[in-house]
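Content type compact mmCIF, N, CA and C atoms and all ligand atoms, from the file my_file-v7.txt:
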# COMPACT_ATOMS: atom_id res chain seq x y z
N MET A 621 0.85 -1.20 0.00
CA MET A 621 0.00 0.00 0.00
C MET A 621 0.88 1.25 0.00
N ALA A 622 0.57 2.17 -0.90
CA ALA A 622 1.34 3.42 -0.94
C ALA A 622 1.08 4.22 0.33
N THR A 623 2.11 4.90 0.81
CA THR A 623 1.94 5.74 2.00
C THR A 623 0.97 6.86 1.69
N GLU A 624 0.08 7.13 2.65
CA GLU A 624 -0.92 8.17 2.46
C GLU A 624 -0.29 9.56 2.45
N GLN A 625 -0.91 10.48 1.69
CA GLN A 625 -0.48 11.87 1.70
C GLN A 625 -1.68 12.77 2.00
N THR A 626 -1.40 13.93 2.55
CA THR A 626 -2.44 14.91 2.83
C THR A 626 -1.94 16.31 2.53
N LEU A 627 -2.88 17.23 2.32
CA LEU A 627 -2.53 18.65 2.20
C LEU A 627 -2.73 19.31 3.56
N VAL A 628 -1.67 19.94 4.05
CA VAL A 628 -1.75 20.79 5.23
C VAL A 628 -1.51 22.22 4.79
N LEU A 629 -2.31 23.14 5.29
CA LEU A 629 -2.04 24.56 5.10
C LEU A 629 -1.82 25.21 6.46
N VAL A 630 -0.75 25.99 6.59
CA VAL A 630 -0.67 26.96 7.68
C VAL A 630 -1.31 28.21 7.11
N LYS A 631 -2.48 28.56 7.61
CA LYS A 631 -3.30 29.63 7.03
C LYS A 631 -2.70 31.00 7.33
N PRO A 632 -3.24 32.08 6.70
CA PRO A 632 -2.64 33.41 6.87
C PRO A 632 -2.47 33.85 8.32
N ASP A 633 -3.36 33.47 9.21
CA ASP A 633 -3.20 33.87 10.61
C ASP A 633 -1.99 33.18 11.24
N GLY A 634 -1.78 31.93 10.89
CA GLY A 634 -0.62 31.20 11.44
C GLY A 634 0.69 31.76 10.93
N VAL A 635 0.74 32.10 9.64
CA VAL A 635 1.96 32.68 9.07
C VAL A 635 2.20 34.06 9.67
N ALA A 636 1.13 34.90 9.72
CA ALA A 636 1.29 36.27 10.22
C ALA A 636 1.71 36.30 11.68
N ARG A 637 1.27 35.34 12.46
CA ARG A 637 1.62 35.31 13.89
C ARG A 637 2.95 34.62 14.16
N GLY A 638 3.62 34.18 13.10
CA GLY A 638 4.93 33.56 13.29
C GLY A 638 4.86 32.19 13.91
N LEU A 639 3.77 31.47 13.62
CA LEU A 639 3.58 30.14 14.23
C LEU A 639 3.94 29.00 13.29
N THR A 640 4.44 29.32 12.08
CA THR A 640 4.75 28.25 11.13
C THR A 640 5.75 27.26 11.73
N GLY A 641 6.79 27.76 12.35
CA GLY A 641 7.82 26.88 12.92
C GLY A 641 7.27 26.01 14.03
N ALA A 642 6.45 26.57 14.89
CA ALA A 642 5.87 25.80 16.00
C ALA A 642 4.95 24.71 15.47
N ILE A 643 4.20 25.03 14.42
CA ILE A 643 3.28 24.04 13.84
C ILE A 643 4.09 22.94 13.14
N LEU A 644 5.12 23.34 12.38
CA LEU A 644 5.97 22.34 11.73
C LEU A 644 6.66 21.45 12.75
N ALA A 645 7.04 22.01 13.88
CA ALA A 645 7.72 21.22 14.91
C ALA A 645 6.81 20.11 15.41
N ARG A 646 5.52 20.42 15.58
CA ARG A 646 4.58 19.39 16.03
C ARG A 646 4.40 18.29 14.98
N ILE A 647 4.33 18.72 13.72
CA ILE A 647 4.18 17.74 12.62
C ILE A 647 5.41 16.83 12.56
N GLU A 648 6.59 17.43 12.67
CA GLU A 648 7.82 16.63 12.60
C GLU A 648 7.98 15.74 13.84
N ALA A 649 7.60 16.27 15.00
CA ALA A 649 7.71 15.47 16.22
C ALA A 649 6.79 14.26 16.17
N LYS A 650 5.67 14.40 15.50
CA LYS A 650 4.74 13.28 15.35
C LYS A 650 5.32 12.22 14.42
N GLY A 651 6.27 12.62 13.58
CA GLY A 651 6.97 11.64 12.74
C GLY A 651 6.52 11.59 11.29
N TYR A 652 5.69 12.55 10.87
CA TYR A 652 5.28 12.58 9.47
C TYR A 652 6.39 13.19 8.63
N SER A 653 6.36 12.88 7.33
CA SER A 653 7.42 13.32 6.42
C SER A 653 6.97 14.49 5.56
N LEU A 654 7.81 15.52 5.52
CA LEU A 654 7.57 16.63 4.61
C LEU A 654 8.03 16.21 3.21
N VAL A 655 7.11 16.19 2.27
CA VAL A 655 7.44 15.82 0.89
C VAL A 655 7.70 17.06 0.06
N ASP A 656 6.91 18.10 0.33
CA ASP A 656 7.06 19.37 -0.40
C ASP A 656 6.48 20.45 0.49
N ILE A 657 7.01 21.67 0.37
CA ILE A 657 6.51 22.79 1.17
C ILE A 657 6.74 24.07 0.38
N ARG A 658 5.76 24.94 0.37
CA ARG A 658 5.92 26.20 -0.36
C ARG A 658 5.01 27.29 0.23
N LEU A 659 5.46 28.52 0.05
CA LEU A 659 4.66 29.68 0.44
C LEU A 659 3.79 30.05 -0.75
N VAL A 660 2.47 30.18 -0.53
CA VAL A 660 1.55 30.44 -1.63
C VAL A 660 0.65 31.62 -1.27
N GLU A 661 0.47 32.53 -2.23
CA GLU A 661 -0.54 33.58 -2.10
C GLU A 661 -1.66 33.23 -3.07
N PRO A 662 -2.67 32.51 -2.60
CA PRO A 662 -3.68 31.98 -3.52
C PRO A 662 -4.59 33.08 -4.06
N ASP A 663 -4.94 32.96 -5.35
CA ASP A 663 -5.95 33.86 -5.91
C ASP A 663 -7.34 33.27 -5.64
N ARG A 664 -8.35 34.04 -5.97
CA ARG A 664 -9.73 33.64 -5.68
C ARG A 664 -10.08 32.32 -6.36
N GLU A 665 -9.60 32.15 -7.60
CA GLU A 665 -9.94 30.94 -8.35
C GLU A 665 -9.43 29.68 -7.63
N ARG A 666 -8.20 29.74 -7.14
CA ARG A 666 -7.64 28.58 -6.43
C ARG A 666 -8.46 28.29 -5.17
N LEU A 667 -8.87 29.36 -4.47
CA LEU A 667 -9.63 29.17 -3.23
C LEU A 667 -11.05 28.68 -3.51
N GLU A 668 -11.65 29.12 -4.62
CA GLU A 668 -12.98 28.62 -4.98
C GLU A 668 -12.92 27.11 -5.23
N GLN A 669 -11.84 26.66 -5.85
CA GLN A 669 -11.67 25.22 -6.06
C GLN A 669 -11.49 24.51 -4.71
N HIS A 670 -10.60 25.07 -3.90
CA HIS A 670 -10.27 24.43 -2.63
C HIS A 670 -11.50 24.31 -1.73
N TYR A 671 -12.30 25.37 -1.66
CA TYR A 671 -13.45 25.39 -0.75
C TYR A 671 -14.78 25.20 -1.47
N ALA A 672 -14.76 24.48 -2.60
CA ALA A 672 -15.98 24.28 -3.40
C ALA A 672 -17.13 23.73 -2.55
N GLU A 673 -16.82 22.84 -1.60
CA GLU A 673 -17.89 22.21 -0.80
C GLU A 673 -18.62 23.24 0.08
N HIS A 674 -18.01 24.40 0.31
CA HIS A 674 -18.62 25.40 1.19
C HIS A 674 -19.27 26.55 0.42
N ALA A 675 -19.26 26.50 -0.92
CA ALA A 675 -19.85 27.59 -1.72
C ALA A 675 -21.30 27.81 -1.31
N GLY A 676 -21.66 29.09 -1.12
CA GLY A 676 -23.03 29.42 -0.77
C GLY A 676 -23.32 29.47 0.72
N LYS A 677 -22.41 28.93 1.55
CA LYS A 677 -22.64 28.99 2.99
C LYS A 677 -22.37 30.41 3.50
N PRO A 678 -22.97 30.79 4.62
CA PRO A 678 -22.83 32.17 5.12
C PRO A 678 -21.37 32.58 5.37
N PHE A 679 -20.53 31.63 5.73
CA PHE A 679 -19.14 31.99 6.04
C PHE A 679 -18.21 31.90 4.83
N TYR A 680 -18.77 31.57 3.65
CA TYR A 680 -17.93 31.31 2.47
C TYR A 680 -17.14 32.55 2.03
N GLU A 681 -17.83 33.69 1.85
CA GLU A 681 -17.15 34.91 1.37
C GLU A 681 -16.12 35.41 2.39
N PRO A 682 -16.49 35.54 3.67
CA PRO A 682 -15.46 35.94 4.65
C PRO A 682 -14.28 34.96 4.69
N LEU A 683 -14.56 33.68 4.48
CA LEU A 683 -13.48 32.69 4.49
C LEU A 683 -12.52 32.94 3.33
N LEU A 684 -13.06 33.18 2.14
CA LEU A 684 -12.18 33.46 0.99
C LEU A 684 -11.39 34.76 1.20
N GLU A 685 -12.06 35.78 1.72
CA GLU A 685 -11.37 37.05 1.99
C GLU A 685 -10.21 36.83 2.97
N PHE A 686 -10.49 36.09 4.02
CA PHE A 686 -9.45 35.80 5.01
C PHE A 686 -8.29 35.05 4.36
N MET A 687 -8.61 34.07 3.53
CA MET A 687 -7.55 33.25 2.91
C MET A 687 -6.74 34.03 1.88
N MET A 688 -7.30 35.18 1.42
CA MET A 688 -6.55 36.05 0.49
C MET A 688 -5.83 37.18 1.22
N SER A 689 -5.91 37.20 2.55
CA SER A 689 -5.36 38.32 3.31
C SER A 689 -3.84 38.23 3.47
N GLY A 690 -3.24 37.12 3.11
CA GLY A 690 -1.79 36.96 3.23
C GLY A 690 -1.41 35.57 2.78
N PRO A 691 -0.12 35.30 2.74
CA PRO A 691 0.33 33.99 2.27
C PRO A 691 0.00 32.87 3.26
N SER A 692 -0.14 31.68 2.69
CA SER A 692 -0.24 30.46 3.46
C SER A 692 0.97 29.58 3.15
N VAL A 693 1.32 28.71 4.06
CA VAL A 693 2.34 27.70 3.79
C VAL A 693 1.63 26.39 3.46
N ALA A 694 1.86 25.90 2.24
CA ALA A 694 1.25 24.64 1.80
C ALA A 694 2.26 23.52 1.97
N ILE A 695 1.80 22.43 2.55
CA ILE A 695 2.69 21.30 2.87
C ILE A 695 2.09 20.01 2.31
N ARG A 696 2.89 19.28 1.56
CA ARG A 696 2.53 17.91 1.16
C ARG A 696 3.15 16.99 2.20
N LEU A 697 2.27 16.34 2.97
CA LEU A 697 2.72 15.58 4.13
C LEU A 697 2.41 14.10 3.92
N ALA A 698 3.34 13.25 4.30
CA ALA A 698 3.17 11.81 4.07
C ALA A 698 3.35 11.01 5.34
N GLY A 699 2.65 9.88 5.39
CA GLY A 699 2.79 8.94 6.51
C GLY A 699 1.59 8.01 6.57
N ASN A 700 1.73 6.92 7.26
CA ASN A 700 0.58 6.03 7.43
C ASN A 700 -0.52 6.76 8.22
N ARG A 701 -1.71 6.77 7.69
CA ARG A 701 -2.90 7.39 8.32
C ARG A 701 -2.69 8.87 8.65
N VAL A 702 -1.90 9.54 7.77
CA VAL A 702 -1.57 10.94 8.03
C VAL A 702 -2.79 11.85 7.94
N ILE A 703 -3.79 11.48 7.15
CA ILE A 703 -4.98 12.34 7.02
C ILE A 703 -5.68 12.45 8.37
N GLU A 704 -5.97 11.30 8.95
CA GLU A 704 -6.60 11.28 10.28
C GLU A 704 -5.66 11.86 11.34
N GLY A 705 -4.39 11.50 11.23
CA GLY A 705 -3.43 11.91 12.25
C GLY A 705 -3.22 13.41 12.28
N PHE A 706 -3.16 14.05 11.11
CA PHE A 706 -2.97 15.50 11.16
C PHE A 706 -4.21 16.19 11.70
N ARG A 707 -5.39 15.70 11.31
CA ARG A 707 -6.61 16.34 11.83
C ARG A 707 -6.71 16.19 13.36
N SER A 708 -6.16 15.10 13.87
CA SER A 708 -6.10 14.93 15.31
C SER A 708 -5.14 15.94 15.94
N LEU A 709 -3.99 16.16 15.29
CA LEU A 709 -3.05 17.19 15.78
C LEU A 709 -3.68 18.58 15.74
N ALA A 710 -4.49 18.84 14.68
CA ALA A 710 -5.06 20.18 14.48
C ALA A 710 -6.13 20.51 15.52
N GLY A 711 -6.94 19.52 15.88
CA GLY A 711 -8.06 19.79 16.78
C GLY A 711 -9.30 20.20 16.01
N THR A 712 -10.41 20.36 16.73
CA THR A 712 -11.69 20.65 16.08
C THR A 712 -11.70 22.06 15.49
N THR A 713 -12.67 22.28 14.60
CA THR A 713 -12.69 23.50 13.76
C THR A 713 -12.70 24.78 14.58
N ASP A 714 -13.51 24.83 15.63
CA ASP A 714 -13.64 26.06 16.42
C ASP A 714 -12.50 26.13 17.45
N PRO A 715 -11.59 27.08 17.29
CA PRO A 715 -10.41 27.09 18.17
C PRO A 715 -10.72 27.38 19.63
N THR A 716 -11.86 28.01 19.89
CA THR A 716 -12.22 28.27 21.29
C THR A 716 -12.45 26.97 22.05
N SER A 717 -13.08 26.02 21.39
CA SER A 717 -13.41 24.76 22.07
C SER A 717 -12.48 23.61 21.70
N ALA A 718 -11.53 23.84 20.80
CA ALA A 718 -10.58 22.78 20.45
C ALA A 718 -9.78 22.39 21.70
N ALA A 719 -9.48 21.10 21.82
CA ALA A 719 -8.84 20.60 23.04
C ALA A 719 -7.43 21.17 23.21
N PRO A 720 -7.06 21.55 24.43
CA PRO A 720 -5.66 21.89 24.71
C PRO A 720 -4.76 20.72 24.31
N GLY A 721 -3.59 21.03 23.80
CA GLY A 721 -2.71 20.00 23.28
C GLY A 721 -2.77 19.91 21.77
N THR A 722 -3.85 20.43 21.18
CA THR A 722 -3.94 20.49 19.72
C THR A 722 -3.44 21.85 19.23
N ILE A 723 -3.16 21.94 17.93
CA ILE A 723 -2.68 23.21 17.36
C ILE A 723 -3.72 24.30 17.56
N ARG A 724 -4.96 24.00 17.18
CA ARG A 724 -6.01 25.02 17.33
C ARG A 724 -6.31 25.29 18.79
N GLY A 725 -6.26 24.27 19.63
CA GLY A 725 -6.56 24.44 21.05
C GLY A 725 -5.50 25.23 21.79
N ASP A 726 -4.25 25.08 21.38
CA ASP A 726 -3.16 25.76 22.09
C ASP A 726 -2.88 27.17 21.56
N PHE A 727 -3.04 27.35 20.24
CA PHE A 727 -2.65 28.63 19.63
C PHE A 727 -3.82 29.46 19.14
N GLY A 728 -5.02 28.84 19.07
CA GLY A 728 -6.16 29.54 18.49
C GLY A 728 -7.11 30.07 19.55
N ARG A 729 -7.91 31.03 19.14
CA ARG A 729 -8.95 31.58 20.00
C ARG A 729 -9.90 32.35 19.09
N ASP A 730 -10.97 32.88 19.65
CA ASP A 730 -11.90 33.71 18.90
C ASP A 730 -11.42 35.15 18.97
N TRP A 731 -11.05 35.69 17.79
CA TRP A 731 -10.58 37.08 17.73
C TRP A 731 -11.71 38.01 17.30
N GLY A 732 -12.95 37.53 17.35
CA GLY A 732 -14.08 38.33 16.93
C GLY A 732 -14.36 38.22 15.45
N LEU A 733 -13.71 37.29 14.78
CA LEU A 733 -13.88 37.10 13.34
C LEU A 733 -14.33 35.68 13.05
N ALA A 734 -15.24 35.17 13.91
CA ALA A 734 -15.77 33.81 13.77
C ALA A 734 -14.64 32.79 13.81
N VAL A 735 -14.90 31.62 13.31
CA VAL A 735 -13.94 30.54 13.51
C VAL A 735 -13.00 30.36 12.32
N GLN A 736 -13.07 31.29 11.35
CA GLN A 736 -12.24 31.05 10.16
C GLN A 736 -10.75 31.17 10.48
N GLN A 737 -10.41 31.93 11.51
CA GLN A 737 -9.00 32.07 11.86
C GLN A 737 -8.62 30.93 12.80
N ASN A 738 -8.45 29.77 12.21
CA ASN A 738 -8.14 28.60 13.03
C ASN A 738 -6.82 27.93 12.62
N LEU A 739 -5.94 28.74 12.04
CA LEU A 739 -4.51 28.43 11.90
C LEU A 739 -4.11 27.41 10.84
N VAL A 740 -4.86 26.34 10.73
CA VAL A 740 -4.43 25.27 9.82
C VAL A 740 -5.61 24.66 9.07
N HIS A 741 -5.26 24.05 7.95
CA HIS A 741 -6.20 23.21 7.20
C HIS A 741 -5.57 21.83 7.06
N GLY A 742 -6.40 20.80 7.14
CA GLY A 742 -5.96 19.44 6.80
C GLY A 742 -7.04 18.74 6.02
N SER A 743 -6.67 18.07 4.94
CA SER A 743 -7.64 17.33 4.13
C SER A 743 -8.39 16.33 5.01
N ASP A 744 -9.65 16.03 4.63
CA ASP A 744 -10.47 15.17 5.50
C ASP A 744 -10.71 13.77 4.95
N SER A 745 -10.19 13.45 3.76
CA SER A 745 -10.36 12.10 3.20
C SER A 745 -9.30 11.91 2.11
N VAL A 746 -9.13 10.67 1.67
CA VAL A 746 -8.19 10.40 0.58
C VAL A 746 -8.59 11.16 -0.68
N GLU A 747 -9.90 11.18 -0.96
CA GLU A 747 -10.38 11.88 -2.16
C GLU A 747 -10.09 13.38 -2.04
N SER A 748 -10.39 13.97 -0.90
CA SER A 748 -10.12 15.41 -0.69
C SER A 748 -8.63 15.68 -0.79
N ALA A 749 -7.83 14.82 -0.22
CA ALA A 749 -6.38 15.03 -0.23
C ALA A 749 -5.85 15.05 -1.66
N ASN A 750 -6.26 14.10 -2.46
CA ASN A 750 -5.78 14.05 -3.84
C ASN A 750 -6.23 15.29 -4.61
N ARG A 751 -7.50 15.66 -4.41
CA ARG A 751 -8.06 16.83 -5.09
C ARG A 751 -7.33 18.11 -4.66
N GLU A 752 -7.14 18.28 -3.35
CA GLU A 752 -6.54 19.50 -2.82
C GLU A 752 -5.04 19.58 -3.13
N LEU A 753 -4.35 18.46 -3.10
CA LEU A 753 -2.91 18.49 -3.43
C LEU A 753 -2.70 18.95 -4.86
N ALA A 754 -3.61 18.57 -5.76
CA ALA A 754 -3.50 18.99 -7.16
C ALA A 754 -3.75 20.49 -7.30
N ILE A 755 -4.57 21.05 -6.40
CA ILE A 755 -4.89 22.48 -6.45
C ILE A 755 -3.70 23.32 -5.96
N TRP A 756 -3.02 22.87 -4.93
CA TRP A 756 -1.96 23.67 -4.29
C TRP A 756 -0.57 23.34 -4.80
N PHE A 757 -0.39 22.15 -5.34
CA PHE A 757 0.90 21.75 -5.91
C PHE A 757 0.69 21.37 -7.36
N ASP A 758 0.40 22.39 -8.19
CA ASP A 758 0.08 22.08 -9.58
C ASP A 758 1.32 21.99 -10.44
P1 LIG A 801 -12.16 22.11 8.94
O1 LIG A 801 -11.18 23.21 8.54
O2 LIG A 801 -12.03 21.77 10.40
O3 LIG A 801 -12.08 20.90 8.03
P2 LIG A 801 -14.60 22.83 7.53
O4 LIG A 801 -14.06 22.09 6.36
O5 LIG A 801 -15.98 22.49 8.00
O6 LIG A 801 -13.62 22.73 8.78
O7 LIG A 801 -14.62 24.39 7.20
C1 LIG A 801 -13.56 24.98 6.47
C2 LIG A 801 -13.20 26.28 7.13
O8 LIG A 801 -14.30 27.18 7.05
C3 LIG A 801 -12.89 26.16 8.62
O9 LIG A 801 -11.55 25.82 8.86
C4 LIG A 801 -13.23 27.53 9.12
C5 LIG A 801 -14.38 27.96 8.23
N1 LIG A 801 -15.66 27.67 8.89
C6 LIG A 801 -16.27 26.48 9.01
N2 LIG A 801 -17.43 26.59 9.66
C7 LIG A 801 -17.56 27.91 9.95
C8 LIG A 801 -18.56 28.70 10.60
N3 LIG A 801 -19.67 28.15 11.10
N4 LIG A 801 -18.34 30.04 10.71
C9 LIG A 801 -17.23 30.61 10.20
N5 LIG A 801 -16.26 29.93 9.56
C10 LIG A 801 -16.43 28.60 9.44
MG MG A 802 -12.52 20.78 5.98

As C-alpha cells - that is how I would like this structure written.
Amino acid sequence: MATEQTLVLVKPDGVARGLTGAILARIEAKGYSLVDIRLVEPDRERLEQHYAEHAGKPFYEPLLEFMMSGPSVAIRLAGNRVIEGFRSLAGTTDPTSAAPGTIRGDFGRDWGLAVQQNLVHGSDSVESANRELAIWFD
C-alpha cells in the first residue's frame, strides 16, 4: 500500500503570527514526512476550487477574503494514516473549544472574526487530499 499523503495549510493567521515553525515542529515530532513545502498567495480561483464544498454557505465569502489576506504555507505531508493523524493534531474546527494539546486548542482563539481564523487546514479524506494536493501543488 502506498503511503498516504495529505494537504496541510498553515493559514494566513498562522503565518502572520509567526507560528509556522511551532506548527511544523509538532508535525515533525509526530513523525510525518515533509514531501514538499511552499509559500503560496492563492488567488480567488484557487480558493474557490479548494473550498468548493462550502460555496453558498454564510461563512464562504469571509473565508475566501481571510484566505486572500496573506500567504499560506502549503505542505505535502506523508505517513501512514496521516490524514486522520494531522486532523487529530489540528483539533476541532472552532479554536475556542478545540482541546488543549492540539494546534487550534493551544494557539487559536476567537478574535471576533468567527472561527475562520483557526490556523491550519488538513484534508479530510483520501479523495479530498488528492483533489486539494493537485490544487496547491500544480
Ligand atoms: P475544517 O477546517 O475543520 O475541516 P470545515 O471544512 O468544515 O472545517 O470548514 C472549512 C473552514 O471554514 C474552517 O476551517 C473555518 C471555516 N468555517 C467552518 N465553519 C464555519 C462557521 N460556522 N463560521 C465561520 N467559519 C467557518
Ligand atoms: Mg474541511

task = Residues within 7 Å of ligand LIG 801 (chain A), counting all atoms listed in the file: report them as a list in words.
result = Pro678, Phe679, Tyr680, Leu683, Gly711, Thr712, Thr713, Asp714, Leu733, Ala734, Val735, Gln736, Gln737, Asn738, Val740, His741, Gly742, Ser743 and Asp744 of chain A

message = I need every residue sitting at most 5 Å from the point (-8.4, 30.1, 23.8) (coordinates as in the file, only N, CA and C atoms considered), written as a PyMOL selection string.
response = chain A and resi 716+728-729

Neighbours of stretch 692-706 of chain A within 6 Å (all atoms listed in the file; same-chain residues fewer than 6 positions away dropped), as a PDB file with N, CA and C atoms, in the frame of the given file?
ATOM      1  N   THR A 623       2.110   4.900   0.810  1.00  0.00           N
ATOM      2  CA  THR A 623       1.940   5.740   2.000  1.00  0.00           C
ATOM      3  C   THR A 623       0.970   6.860   1.690  1.00  0.00           C
ATOM      4  N   GLU A 624       0.080   7.130   2.650  1.00  0.00           N
ATOM      5  CA  GLU A 624      -0.920   8.170   2.460  1.00  0.00           C
ATOM      6  C   GLU A 624      -0.290   9.560   2.450  1.00  0.00           C
ATOM      7  N   GLN A 625      -0.910  10.480   1.690  1.00  0.00           N
ATOM      8  CA  GLN A 625      -0.480  11.870   1.700  1.00  0.00           C
ATOM      9  C   GLN A 625      -1.680  12.770   2.000  1.00  0.00           C
ATOM     10  N   THR A 626      -1.400  13.930   2.550  1.00  0.00           N
ATOM     11  CA  THR A 626      -2.440  14.910   2.830  1.00  0.00           C
ATOM     12  C   THR A 626      -1.940  16.310   2.530  1.00  0.00           C
ATOM     13  N   LEU A 627      -2.880  17.230   2.320  1.00  0.00           N
ATOM     14  CA  LEU A 627      -2.530  18.650   2.200  1.00  0.00           C
ATOM     15  C   LEU A 627      -2.730  19.310   3.560  1.00  0.00           C
ATOM     16  N   VAL A 628      -1.670  19.940   4.050  1.00  0.00           N
ATOM     17  CA  VAL A 628      -1.750  20.790   5.230  1.00  0.00           C
ATOM     18  C   VAL A 628      -1.510  22.220   4.790  1.00  0.00           C
ATOM     19  N   LEU A 629      -2.310  23.140   5.290  1.00  0.00           N
ATOM     20  CA  LEU A 629      -2.040  24.560   5.100  1.00  0.00           C
ATOM     21  C   LEU A 629      -1.820  25.210   6.460  1.00  0.00           C
ATOM     22  N   VAL A 630      -0.750  25.990   6.590  1.00  0.00           N
ATOM     23  CA  VAL A 630      -0.670  26.960   7.680  1.00  0.00           C
ATOM     24  C   VAL A 630      -1.310  28.210   7.110  1.00  0.00           C
ATOM     25  N   LYS A 631      -2.480  28.560   7.610  1.00  0.00           N
ATOM     26  CA  LYS A 631      -3.300  29.630   7.030  1.00  0.00           C
ATOM     27  C   LYS A 631      -2.700  31.000   7.330  1.00  0.00           C
ATOM     28  N   PRO A 632      -3.240  32.080   6.700  1.00  0.00           N
ATOM     29  CA  PRO A 632      -2.640  33.410   6.870  1.00  0.00           C
ATOM     30  C   PRO A 632      -2.470  33.850   8.320  1.00  0.00           C
ATOM     31  N   TYR A 652       5.690  12.550  10.870  1.00  0.00           N
ATOM     32  CA  TYR A 652       5.280  12.580   9.470  1.00  0.00           C
ATOM     33  C   TYR A 652       6.390  13.190   8.630  1.00  0.00           C
ATOM     34  N   SER A 653       6.360  12.880   7.330  1.00  0.00           N
ATOM     35  CA  SER A 653       7.420  13.320   6.420  1.00  0.00           C
ATOM     36  C   SER A 653       6.970  14.490   5.560  1.00  0.00           C
ATOM     37  N   LEU A 654       7.810  15.520   5.520  1.00  0.00           N
ATOM     38  CA  LEU A 654       7.570  16.630   4.610  1.00  0.00           C
ATOM     39  C   LEU A 654       8.030  16.210   3.210  1.00  0.00           C
ATOM     40  N   VAL A 655       7.110  16.190   2.270  1.00  0.00           N
ATOM     41  CA  VAL A 655       7.440  15.820   0.890  1.00  0.00           C
ATOM     42  C   VAL A 655       7.700  17.060   0.060  1.00  0.00           C
ATOM     43  N   ASP A 656       6.910  18.100   0.330  1.00  0.00           N
ATOM     44  CA  ASP A 656       7.060  19.370  -0.400  1.00  0.00           C
ATOM     45  C   ASP A 656       6.480  20.450   0.490  1.00  0.00           C
ATOM     46  N   ILE A 657       7.010  21.670   0.370  1.00  0.00           N
ATOM     47  CA  ILE A 657       6.510  22.790   1.170  1.00  0.00           C
ATOM     48  C   ILE A 657       6.740  24.070   0.380  1.00  0.00           C
ATOM     49  N   ARG A 658       5.760  24.940   0.370  1.00  0.00           N
ATOM     50  CA  ARG A 658       5.920  26.200  -0.360  1.00  0.00           C
ATOM     51  C   ARG A 658       5.010  27.290   0.230  1.00  0.00           C
ATOM     52  N   LEU A 659       5.460  28.520   0.050  1.00  0.00           N
ATOM     53  CA  LEU A 659       4.660  29.680   0.440  1.00  0.00           C
ATOM     54  C   LEU A 659       3.790  30.050  -0.750  1.00  0.00           C
ATOM     55  N   VAL A 660       2.470  30.180  -0.530  1.00  0.00           N
ATOM     56  CA  VAL A 660       1.550  30.440  -1.630  1.00  0.00           C
ATOM     57  C   VAL A 660       0.650  31.620  -1.270  1.00  0.00           C
ATOM     58  N   GLU A 661       0.470  32.530  -2.230  1.00  0.00           N
ATOM     59  CA  GLU A 661      -0.540  33.580  -2.100  1.00  0.00           C
ATOM     60  C   GLU A 661      -1.660  33.230  -3.070  1.00  0.00           C
ATOM     61  N   PRO A 662      -2.670  32.510  -2.600  1.00  0.00           N
ATOM     62  CA  PRO A 662      -3.680  31.980  -3.520  1.00  0.00           C
ATOM     63  C   PRO A 662      -4.590  33.080  -4.060  1.00  0.00           C
ATOM     64  N   SER A 743      -6.670  18.070   4.940  1.00  0.00           N
ATOM     65  CA  SER A 743      -7.640  17.330   4.130  1.00  0.00           C
ATOM     66  C   SER A 743      -8.390  16.330   5.010  1.00  0.00           C
TER      67      SER A 743
END

In stretch 629-704 of chain A, DSSP strand (DSSP E or B) residues written as a compact mmCIF listing (two decimals) with N, CA and C atoms, in the coordinates of the input:
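Output file out_3.txt follows:
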# COMPACT_ATOMS: atom_id res chain seq x y z
N LEU A 629 -2.31 23.14 5.29
CA LEU A 629 -2.04 24.56 5.10
C LEU A 629 -1.82 25.21 6.46
N VAL A 630 -0.75 25.99 6.59
CA VAL A 630 -0.67 26.96 7.68
C VAL A 630 -1.31 28.21 7.11
N SER A 653 6.36 12.88 7.33
CA SER A 653 7.42 13.32 6.42
C SER A 653 6.97 14.49 5.56
N LEU A 654 7.81 15.52 5.52
CA LEU A 654 7.57 16.63 4.61
C LEU A 654 8.03 16.21 3.21
N VAL A 655 7.11 16.19 2.27
CA VAL A 655 7.44 15.82 0.89
C VAL A 655 7.70 17.06 0.06
N ASP A 656 6.91 18.10 0.33
CA ASP A 656 7.06 19.37 -0.40
C ASP A 656 6.48 20.45 0.49
N ILE A 657 7.01 21.67 0.37
CA ILE A 657 6.51 22.79 1.17
C ILE A 657 6.74 24.07 0.38
N ARG A 658 5.76 24.94 0.37
CA ARG A 658 5.92 26.20 -0.36
C ARG A 658 5.01 27.29 0.23
N LEU A 659 5.46 28.52 0.05
CA LEU A 659 4.66 29.68 0.44
C LEU A 659 3.79 30.05 -0.75
N VAL A 660 2.47 30.18 -0.53
CA VAL A 660 1.55 30.44 -1.63
C VAL A 660 0.65 31.62 -1.27
N SER A 692 -0.14 31.68 2.69
CA SER A 692 -0.24 30.46 3.46
C SER A 692 0.97 29.58 3.15
N VAL A 693 1.32 28.71 4.06
CA VAL A 693 2.34 27.70 3.79
C VAL A 693 1.63 26.39 3.46
N ALA A 694 1.86 25.90 2.24
CA ALA A 694 1.25 24.64 1.80
C ALA A 694 2.26 23.52 1.97
N ILE A 695 1.80 22.43 2.55
CA ILE A 695 2.69 21.30 2.87
C ILE A 695 2.09 20.01 2.31
N ARG A 696 2.89 19.28 1.56
CA ARG A 696 2.53 17.91 1.16
C ARG A 696 3.15 16.99 2.20
N LEU A 697 2.27 16.34 2.97
CA LEU A 697 2.72 15.58 4.13
C LEU A 697 2.41 14.10 3.92
N ALA A 698 3.34 13.25 4.30
CA ALA A 698 3.17 11.81 4.07
C ALA A 698 3.35 11.01 5.34

Straight-line distance linking atom N of A:Glu673 with atom CA of A:Ser748, stated in Å to one decimal =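 Rounded to one decimal, the two atoms are 10.0 Å apart.
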
ask   = Nearest to ligand MG 802 (chain A): which of A:Lys650, A:Arg707, A:Arg637, A:Arg751 is it, counting only C-alpha atoms and all ligand atoms?
value =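 Result for the nearest residue to ligand MG 802 (chain A): A:Arg707.
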
remark   = The residue from A:Pro715, A:Pro720, A:Trp756, A:Ala672 with the smallest atom-to-atom distance to ligand MG 802 (chain A), counting only C-alpha atoms and all ligand atoms, is A:Ala672

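Rounded to one decimal, atom CA of A:Gly641 and atom CA of A:Gly725 lie 16.7 Å from each other.
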